[in-house]
Amino acid sequence: MVTTHNLGFPRIGAQRELKFGLERYWKGESSRDELKALGKQLRARHWNDQRELDLAPVGDFAFYDQVLDMSFTLGNLPARVRGFHGDKLDNYFRVARGRSAQGAEERAACCGGVAAGEMTKWFDTNYHYIVPEFTAETTFNLDPSGFLEQLREAREQGVRAKPVIIGPITYLWLGKAKDGFGTLADKLALLPRLMPVYRALLDYFKVMDVEWVQIDEPVLVTELDPAWRDAFVSAYQGFEERGVKLLLTTYFGQLKENLELACSLPVDGLHIDAINARDEVALAAQRLPAHSVLSVGAINGRNIWKTDLNAALEWLAPLARQLGDRLWLAPSCSLLHVPVDLASEDKLDPEIRSWLAFALQKLDELRVLAVALNGGREKVAHELAANAAALAARRNSPRVNNPAVKAALARIDAKLGKRQHAYAERARKQAALLQLPAYPTTTIGSFPQTPEIRHARSQFRSGALDQAAYQDAMRKEIERSVREQEALGLDVLVHGEAERNDMVEYFGEQLDGYAFSRFGWVQSYGSRCVKPPVLFGDISRPRAMTLEWISYAQSLTNKPMKGMLTGPVTILNWSFVRDDQPRVVSCYQLALAIREEVLDLEKAGVQVVQIDEAALREGLPLRRAQWGEYLRWAVESFRIAANGVQDETQIHTHMCYSEFNDIIASIADMDADVITIETSRSDMELLEAFDNFNYPNEIGPGVYDIHSPNIPTQQHIVQLMQKAAERIPAQRLWVNPDCGLKTRQWAEVIPALSNMVAAAKTLRSQVQ
Ligand code: GLN
Ligand code: ZN
């Protein structure tokens, strides 16, 4: 008999109940007890949703982040929040977001805000965790109370509970060494201090009669130094003779050179992500010791397509015969990365809906697979037939397949992504045409999304505002931005993006091949959720997407107006993408659609076009060995989108992150005339990348941290730009903020940009 289990369940709630509950609590509108009760209610509901499983996860629920929960369980709190006398949950929020609920700190007669914990992406997903902090003084101190409470709740509900913890090696690897405690080896030195706490936690589980513990070590799918591989051996040897069984759990990729290691550790089972590492399943089945369980992640835990159940059974059946009771089945990874329930998607096109599976539907797929393996396929003949029919319909649907798009893709050649001439020649022509001063000023695209803009948009969506009235309202906003920019004396203007809800959704909605859910929310961090659009078919652009707005904006001014687009790689990386073709194919299709838009803008007389690739870096594979391949097609996609223009048309791109030392050559390959990047928060440190690499084109290192309400001073901006000018010739520097201004208010934006323009003037006077 195969055993079914789940690695983790989305905790935010099908209707984002947790998000709203958290935000109410933070604003002081509800009590801590109410919030705790909500958490309990969600856990109960989610266990009930998983009742068909043989084992359900416990401890996967977190009020903010599961890594932060682990830090609290291990007693690894940053020094700045120790000594807080209030409630533990309040202190937890202080680490997560710098402050607790309204009034909570005063009630605890304490402390005011603290620096929020750093946040970073959870492997290659769009989920962000709170980075554990380590110093030479770090000690650990077990607090099992959160786990034990959830375990008791689960037991009361009759759940066969499997606690889920982050393993010690991954926990150390995820953390950041602070206070000069700098190197990777330093973190490993903490392992002897950490191990007793893990052992004590397992002892608690044993006392609670837990049989299995899921111990997540996703770091095993990355390239590990020998010291880290050795640490696995010593850590897991330290877990021998502990009285609970351990399921060593990996996901998101192949184990490759770590497979042998994983199979040799003294644990009781291994979970492999069979979506990403199908070939390793058979290898692991051979190599695992005879008592060991092999858990196969046969259902994609991070995409929203139905599983091909019949195909899965084809390869699972022999494995089930080989392993018998030792075969376990699960989703490939925690379902945290998919929305909860497809059933609420009543507005989604029924044909497309019939191809999808959210978390609850995935659990049902798991049930069907297990019944088929345990009792024969006839027992689920109906489900299997329906699944086959849905998959066949998807494969053959004219909505998925567009021969014209496939033909256009086949015609792509190296010429398509090449500008007519090299940068130096283009720069001459552009300078003659645009007549910009030294240190030209611009912004990144969006201006404040005021309550009025949001109101107009929601009225338009609900039908209360007709097309003409909505257009009118947006035109007024555009006019306002243009007037403000002219008054400020900026050199290259933008229309302000008032009409855009989101930089990906806005384009997805206008492209054929995209669908949108109503409740397809996925947690991004804390109470923040995103609703990635669903890229289901061949991508085409039925009509121009931005032309009307940009042309209108250009008609209001004699200054150059930047056309503003989102790039193909970013659209891809922020969508649920097709599983029936490689990502690169979808990306090239997006690139061709954006290319048409670029050429339409150029034809209409737009001289500057910016193509944002905010998420290019996010798509980097987990293993460095695979970076090159990704970067090749990502860069080529950008080039296809951007580089069909005349020499005179100036192409900008924008990236809003601060580490690209390691990909700068690829960024240069994009061959944009101008790139704007985030730098102000790191005090231009990021420009170190330019010490070793001679970036050939123009660059606008952001001088104004748009994440903060603080107004940068003219002097500070001048200083930052002077630092930049030490590395990049002044003739190739632009002056601009770090990112778009949509989250700021006009009252902040105007003085900040006014200081920025004044700083540019000072800098110009120094060049002459
Ligand atoms: N053009 C976009 C804006 O200004 C860029 C946003 C981003 O980089 N995330 O809002
Ligand atoms: Zn940005």
# chains A, B, ... in the order shown; residues from 1 in each chain; ligands from 1
call {"tool": "residues_near_ligand", "arguments": {"ligand": "ligand 1", "cutoff": "9 Å", "atoms": "only C-alpha atoms and all ligand atoms", "output": "list in words"}}
result
Thr443, Ile444, Gly445, Ser446, Phe447, Gly496, Glu497, Asp502, Met503, Met564, Leu565, Thr566, Gln610, Ile611, Asp612, Glu613, Ala614, Ala615, His654, Met655, Cys656, Tyr657, Ile677, Asp738, Cys739, Gly740, Leu741, Lys742 and Thr743 of chain A
call {"tool": "write_last_selection", "arguments": {"atoms": "N, CA, C and O atoms", "output": "CSV table (one decimal), in the first residue's frame"}}
result
chain,number,residue,atom,x,y,z
A,443,THR,N,12.6,59.4,-14.7
A,443,THR,CA,12.1,58.6,-13.6
A,443,THR,C,11.8,57.2,-14.2
A,443,THR,O,12.0,57.0,-15.4
A,444,ILE,N,11.4,56.2,-13.4
A,444,ILE,CA,11.4,54.8,-13.8
A,444,ILE,C,10.0,54.4,-14.4
A,444,ILE,O,9.9,53.4,-15.0
A,445,GLY,N,9.0,55.3,-14.3
A,445,GLY,CA,7.8,55.0,-15.0
A,445,GLY,C,6.5,55.4,-14.2
A,445,GLY,O,5.8,56.2,-14.7
A,446,SER,N,6.3,54.8,-13.1
A,446,SER,CA,5.0,55.1,-12.4
A,446,SER,C,5.1,56.3,-11.5
A,446,SER,O,6.2,56.6,-11.0
A,447,PHE,N,4.0,57.1,-11.5
A,447,PHE,CA,3.8,58.1,-10.5
A,447,PHE,C,2.8,57.7,-9.5
A,447,PHE,O,2.2,56.6,-9.7
A,496,GLY,N,3.4,58.0,-16.5
A,496,GLY,CA,3.0,57.8,-15.1
A,496,GLY,C,2.3,56.5,-14.8
A,496,GLY,O,2.1,56.2,-13.6
A,497,GLU,N,1.9,55.7,-15.8
A,497,GLU,CA,1.3,54.4,-15.6
A,497,GLU,C,0.0,54.4,-14.8
A,497,GLU,O,-0.3,53.4,-14.1
A,502,ASP,N,-1.0,46.6,-12.5
A,502,ASP,CA,0.2,45.8,-12.1
A,502,ASP,C,1.0,45.7,-13.4
A,502,ASP,O,0.4,45.6,-14.5
A,503,MET,N,2.3,45.7,-13.3
A,503,MET,CA,3.1,45.7,-14.5
A,503,MET,C,3.1,44.4,-15.3
A,503,MET,O,3.5,44.5,-16.5
A,564,MET,N,6.6,52.9,-22.1
A,564,MET,CA,6.9,52.1,-20.9
A,564,MET,C,6.3,50.7,-21.1
A,564,MET,O,5.1,50.6,-21.1
A,565,LEU,N,7.2,49.7,-21.1
A,565,LEU,CA,6.7,48.3,-21.3
A,565,LEU,C,7.4,47.4,-20.3
A,565,LEU,O,8.4,47.7,-19.8
A,566,THR,N,6.7,46.3,-20.0
A,566,THR,CA,7.3,45.2,-19.2
A,566,THR,C,7.9,44.2,-20.2
A,566,THR,O,7.3,43.8,-21.2
A,610,GLN,N,11.3,52.3,-22.8
A,610,GLN,CA,11.9,51.5,-21.7
A,610,GLN,C,11.2,50.2,-21.5
A,610,GLN,O,10.0,50.1,-21.5
A,611,ILE,N,12.0,49.1,-21.5
A,611,ILE,CA,11.5,47.8,-21.3
A,611,ILE,C,12.0,47.2,-20.0
A,611,ILE,O,13.1,46.9,-19.8
A,612,ASP,N,11.1,47.2,-19.0
A,612,ASP,CA,11.5,46.8,-17.6
A,612,ASP,C,11.7,45.3,-17.5
A,612,ASP,O,10.9,44.5,-18.0
A,613,GLU,N,12.9,44.9,-17.0
A,613,GLU,CA,13.1,43.5,-16.7
A,613,GLU,C,13.4,43.4,-15.2
A,613,GLU,O,14.4,42.9,-14.7
A,614,ALA,N,12.4,43.8,-14.4
A,614,ALA,CA,12.6,43.8,-12.9
A,614,ALA,C,12.9,42.4,-12.4
A,614,ALA,O,13.5,42.2,-11.4
A,615,ALA,N,12.4,41.4,-13.1
A,615,ALA,CA,12.5,40.0,-12.5
A,615,ALA,C,13.4,39.1,-13.2
A,615,ALA,O,13.4,37.9,-13.1
A,654,HIS,N,15.2,48.6,-17.1
A,654,HIS,CA,15.3,48.9,-15.7
A,654,HIS,C,15.3,47.6,-14.9
A,654,HIS,O,14.5,46.6,-15.2
A,655,MET,N,16.1,47.5,-13.9
A,655,MET,CA,16.1,46.3,-13.0
A,655,MET,C,16.2,46.8,-11.6
A,655,MET,O,17.0,47.7,-11.2
A,656,CYS,N,15.3,46.3,-10.7
A,656,CYS,CA,15.3,46.9,-9.4
A,656,CYS,C,15.8,45.9,-8.3
A,656,CYS,O,15.1,45.4,-7.5
A,657,TYR,N,17.0,45.6,-8.5
A,657,TYR,CA,17.7,44.8,-7.4
A,657,TYR,C,19.1,45.2,-7.4
A,657,TYR,O,19.6,45.9,-8.4
A,677,ILE,N,19.1,51.2,-12.5
A,677,ILE,CA,19.2,50.1,-11.5
A,677,ILE,C,19.0,50.7,-10.1
A,677,ILE,O,19.2,51.9,-9.9
A,738,ASP,N,15.5,55.0,-7.8
A,738,ASP,CA,15.7,53.5,-7.8
A,738,ASP,C,14.7,52.7,-8.6
A,738,ASP,O,15.0,51.7,-9.1
A,739,CYS,N,13.4,53.2,-8.5
A,739,CYS,CA,12.3,52.4,-9.1
A,739,CYS,C,11.2,53.3,-9.3
A,739,CYS,O,11.3,54.5,-9.1
A,740,GLY,N,10.0,52.7,-9.7
A,740,GLY,CA,8.8,53.5,-9.9
A,740,GLY,C,8.3,54.1,-8.6
A,740,GLY,O,8.6,53.7,-7.5
A,741,LEU,N,7.5,55.2,-8.8
A,741,LEU,CA,7.0,56.0,-7.6
A,741,LEU,C,5.6,55.7,-7.3
A,741,LEU,O,5.0,56.5,-6.5
A,742,LYS,N,5.0,54.6,-7.7
A,742,LYS,CA,3.6,54.4,-7.5
A,742,LYS,C,3.2,54.2,-6.1
A,742,LYS,O,2.1,54.6,-5.7
A,743,THR,N,4.1,53.8,-5.2
A,743,THR,CA,3.7,53.6,-3.8
A,743,THR,C,3.9,54.9,-3.0
A,743,THR,O,3.6,54.9,-1.8
call {"tool": "select_by_dssp", "arguments": {"residues": "region 96-249 of chain A", "states": "strand (DSSP E)", "output": "ChimeraX atom specification"}}
result
/A:119-121,128-130,133-134,161-166,176-177,212-216,245-249
call {"tool": "write_last_selection", "arguments": {"atoms": "N, CA, C and O atoms", "output": "mmCIF file, in the first residue's frame"}}
result
data_model
loop_
_atom_site.group_PDB
_atom_site.id
_atom_site.type_symbol
_atom_site.label_atom_id
_atom_site.label_comp_id
_atom_site.auth_asym_id
_atom_site.auth_seq_id
_atom_site.Cartn_x
_atom_site.Cartn_y
_atom_site.Cartn_z
ATOM 1 N N MET A 119 14.615 40.159 4.337
ATOM 2 C CA MET A 119 13.760 39.196 3.665
ATOM 3 C C MET A 119 14.420 38.779 2.355
ATOM 4 O O MET A 119 15.007 39.610 1.686
ATOM 5 N N THR A 120 14.318 37.532 2.020
ATOM 6 C CA THR A 120 14.854 37.149 0.722
ATOM 7 C C THR A 120 14.070 35.990 0.140
ATOM 8 O O THR A 120 13.267 35.365 0.810
ATOM 9 N N LYS A 121 14.303 35.744 -1.143
ATOM 10 C CA LYS A 121 13.493 34.741 -1.837
ATOM 11 C C LYS A 121 13.811 33.321 -1.368
ATOM 12 O O LYS A 121 14.962 32.964 -1.186
ATOM 13 N N HIS A 128 8.993 34.871 0.036
ATOM 14 C CA HIS A 128 10.132 35.488 0.720
ATOM 15 C C HIS A 128 10.135 35.106 2.185
ATOM 16 O O HIS A 128 9.099 35.179 2.838
ATOM 17 N N TYR A 129 11.272 34.708 2.687
ATOM 18 C CA TYR A 129 11.364 34.328 4.096
ATOM 19 C C TYR A 129 12.215 35.352 4.858
ATOM 20 O O TYR A 129 12.961 36.127 4.263
ATOM 21 N N ILE A 130 12.061 35.314 6.187
ATOM 22 C CA ILE A 130 12.858 36.204 7.035
ATOM 23 C C ILE A 130 14.177 35.500 7.344
ATOM 24 O O ILE A 130 14.203 34.416 7.919
ATOM 25 N N GLU A 133 19.473 35.309 11.565
ATOM 26 C CA GLU A 133 20.716 36.068 11.746
ATOM 27 C C GLU A 133 21.638 35.325 12.697
ATOM 28 O O GLU A 133 21.184 34.802 13.711
ATOM 29 N N PHE A 134 22.913 35.301 12.352
ATOM 30 C CA PHE A 134 23.895 34.624 13.193
ATOM 31 C C PHE A 134 25.060 35.548 13.508
ATOM 32 O O PHE A 134 25.494 36.317 12.643
ATOM 33 N N ALA A 161 -0.609 13.153 12.400
ATOM 34 C CA ALA A 161 0.205 14.355 12.251
ATOM 35 C C ALA A 161 1.664 14.036 11.955
ATOM 36 O O ALA A 161 2.258 13.168 12.580
ATOM 37 N N LYS A 162 2.196 14.756 11.028
ATOM 38 C CA LYS A 162 3.618 14.652 10.715
ATOM 39 C C LYS A 162 4.224 16.046 10.860
ATOM 40 O O LYS A 162 4.034 16.913 10.017
ATOM 41 N N PRO A 163 4.925 16.312 11.968
ATOM 42 C CA PRO A 163 5.545 17.635 12.103
ATOM 43 C C PRO A 163 6.522 17.911 10.952
ATOM 44 O O PRO A 163 7.198 16.993 10.478
ATOM 45 N N VAL A 164 6.550 19.177 10.538
ATOM 46 C CA VAL A 164 7.430 19.611 9.452
ATOM 47 C C VAL A 164 8.434 20.602 10.024
ATOM 48 O O VAL A 164 8.032 21.629 10.579
ATOM 49 N N ILE A 165 9.698 20.275 9.926
ATOM 50 C CA ILE A 165 10.709 21.229 10.401
ATOM 51 C C ILE A 165 11.741 21.494 9.304
ATOM 52 O O ILE A 165 11.881 20.694 8.378
ATOM 53 N N ILE A 166 12.406 22.611 9.410
ATOM 54 C CA ILE A 166 13.514 22.903 8.497
ATOM 55 C C ILE A 166 14.761 22.266 9.095
ATOM 56 O O ILE A 166 15.051 22.470 10.279
ATOM 57 N N LYS A 176 22.085 34.489 7.692
ATOM 58 C CA LYS A 176 23.122 35.431 7.306
ATOM 59 C C LYS A 176 24.005 35.711 8.511
ATOM 60 O O LYS A 176 23.507 35.998 9.596
ATOM 61 N N ALA A 177 25.312 35.623 8.278
ATOM 62 C CA ALA A 177 26.249 35.924 9.347
ATOM 63 C C ALA A 177 26.362 37.438 9.468
ATOM 64 O O ALA A 177 26.579 38.132 8.486
ATOM 65 N N TRP A 212 6.474 9.976 12.474
ATOM 66 C CA TRP A 212 7.307 10.541 11.410
ATOM 67 C C TRP A 212 7.495 12.042 11.554
ATOM 68 O O TRP A 212 6.551 12.746 11.897
ATOM 69 N N VAL A 213 8.689 12.515 11.253
ATOM 70 C CA VAL A 213 8.966 13.947 11.180
ATOM 71 C C VAL A 213 9.514 14.238 9.778
ATOM 72 O O VAL A 213 10.402 13.540 9.303
ATOM 73 N N GLN A 214 8.940 15.257 9.157
ATOM 74 C CA GLN A 214 9.465 15.690 7.849
ATOM 75 C C GLN A 214 10.536 16.736 8.097
ATOM 76 O O GLN A 214 10.267 17.788 8.672
ATOM 77 N N ILE A 215 11.741 16.434 7.668
ATOM 78 C CA ILE A 215 12.841 17.368 7.931
ATOM 79 C C ILE A 215 13.328 17.903 6.580
ATOM 80 O O ILE A 215 13.880 17.177 5.762
ATOM 81 N N ASP A 216 13.036 19.163 6.317
ATOM 82 C CA ASP A 216 13.271 19.745 4.989
ATOM 83 C C ASP A 216 14.732 20.170 4.829
ATOM 84 O O ASP A 216 15.230 20.979 5.611
ATOM 85 N N LYS A 245 10.942 8.713 13.403
ATOM 86 C CA LYS A 245 11.478 8.474 12.059
ATOM 87 C C LYS A 245 11.594 9.796 11.307
ATOM 88 O O LYS A 245 10.715 10.660 11.404
ATOM 89 N N LEU A 246 12.653 9.915 10.537
ATOM 90 C CA LEU A 246 12.884 11.155 9.789
ATOM 91 C C LEU A 246 12.687 10.930 8.293
ATOM 92 O O LEU A 246 13.256 9.996 7.719
ATOM 93 N N LEU A 247 11.893 11.810 7.697
ATOM 94 C CA LEU A 247 11.771 11.828 6.236
ATOM 95 C C LEU A 247 12.592 13.019 5.743
ATOM 96 O O LEU A 247 12.175 14.181 5.895
ATOM 97 N N LEU A 248 13.740 12.732 5.195
ATOM 98 C CA LEU A 248 14.607 13.794 4.671
ATOM 99 C C LEU A 248 13.967 14.308 3.381
ATOM 100 O O LEU A 248 13.747 13.537 2.444
ATOM 101 N N THR A 249 13.668 15.604 3.354
ATOM 102 C CA THR A 249 12.825 16.109 2.270
ATOM 103 C C THR A 249 13.551 17.142 1.412
ATOM 104 O O THR A 249 14.072 18.130 1.929
#
call {"tool": "select_by_dssp", "arguments": {"residues": "region 81-270 of chain A", "states": "alpha helix (DSSP H)", "output": "ChimeraX atom specification"}}
result
/A:88-97,104-107,145-156,168-174,184-188,191-207,226-237,259-264
call {"tool": "residues_around", "arguments": {"residues": "region 222-233 of chain A", "least_positions_apart": "6", "cutoff": "7 Å", "atoms": "only C-alpha atoms", "output": "PDB file with C-alpha atoms, in the first residue's frame"}}
result
ATOM      1  CA  ILE A 169      21.916  22.397   7.505  1.00  0.00           C
ATOM      2  CA  LEU A 265      22.344   9.521   5.556  1.00  0.00           C
ATOM      3  CA  LEU A 622      19.274  27.146  -8.322  1.00  0.00           C
ATOM      4  CA  ARG A 623      22.411  25.596  -9.675  1.00  0.00           C
TER       5      ARG A 623
END
call {"tool": "closest_residue", "arguments": {"among": "A:Val609, A:Ala108, A:Val197, A:Ala424", "to": "Phe140 (chain A)", "atoms": "only C-alpha atoms"}}
result
A:Val197
call {"tool": "residues_around", "arguments": {"residues": "Arg595 (chain A)", "least_positions_apart": "4", "cutoff": "10 Å", "atoms": "only C-alpha atoms", "output": "PDB file with C-alpha atoms, in the first residue's frame"}}
result
ATOM      1  CA  LEU A 416      16.229  39.669 -34.989  1.00  0.00           C
ATOM      2  CA  GLY A 417      17.899  40.564 -31.707  1.00  0.00           C
ATOM      3  CA  GLY A 567       9.866  42.855 -20.696  1.00  0.00           C
ATOM      4  CA  PRO A 568       9.261  39.237 -21.724  1.00  0.00           C
ATOM      5  CA  GLN A 589       6.561  34.249 -27.786  1.00  0.00           C
ATOM      6  CA  LEU A 590       6.258  37.054 -25.252  1.00  0.00           C
ATOM      7  CA  ALA A 591       9.325  38.687 -26.765  1.00  0.00           C
ATOM      8  CA  LEU A 599       7.867  48.936 -33.197  1.00  0.00           C
ATOM      9  CA  ASP A 600       4.384  50.465 -33.038  1.00  0.00           C
ATOM     10  CA  LEU A 601       5.598  53.006 -30.518  1.00  0.00           C
ATOM     11  CA  SER A 637      14.350  37.355 -25.414  1.00  0.00           C
ATOM     12  CA  PHE A 638      15.024  40.913 -24.325  1.00  0.00           C
ATOM     13  CA  ARG A 639      17.036  41.540 -27.459  1.00  0.00           C
ATOM     14  CA  ILE A 640      14.271  40.214 -29.670  1.00  0.00           C
ATOM     15  CA  ALA A 641      11.782  42.463 -27.912  1.00  0.00           C
ATOM     16  CA  ALA A 642      13.946  45.577 -27.939  1.00  0.00           C
ATOM     17  CA  ASN A 643      16.428  45.563 -30.731  1.00  0.00           C
ATOM     18  CA  GLY A 644      14.310  45.779 -33.866  1.00  0.00           C
ATOM     19  CA  VAL A 645      14.366  49.588 -33.682  1.00  0.00           C
TER      20      VAL A 645
END
call {"tool": "residues_around", "arguments": {"residues": "Glu52 (chain A)", "least_positions_apart": "5", "cutoff": "9 Å", "atoms": "only C-alpha atoms", "output": "MDAnalysis selection string"}}
result
chainID A and resid 4 363:364 367
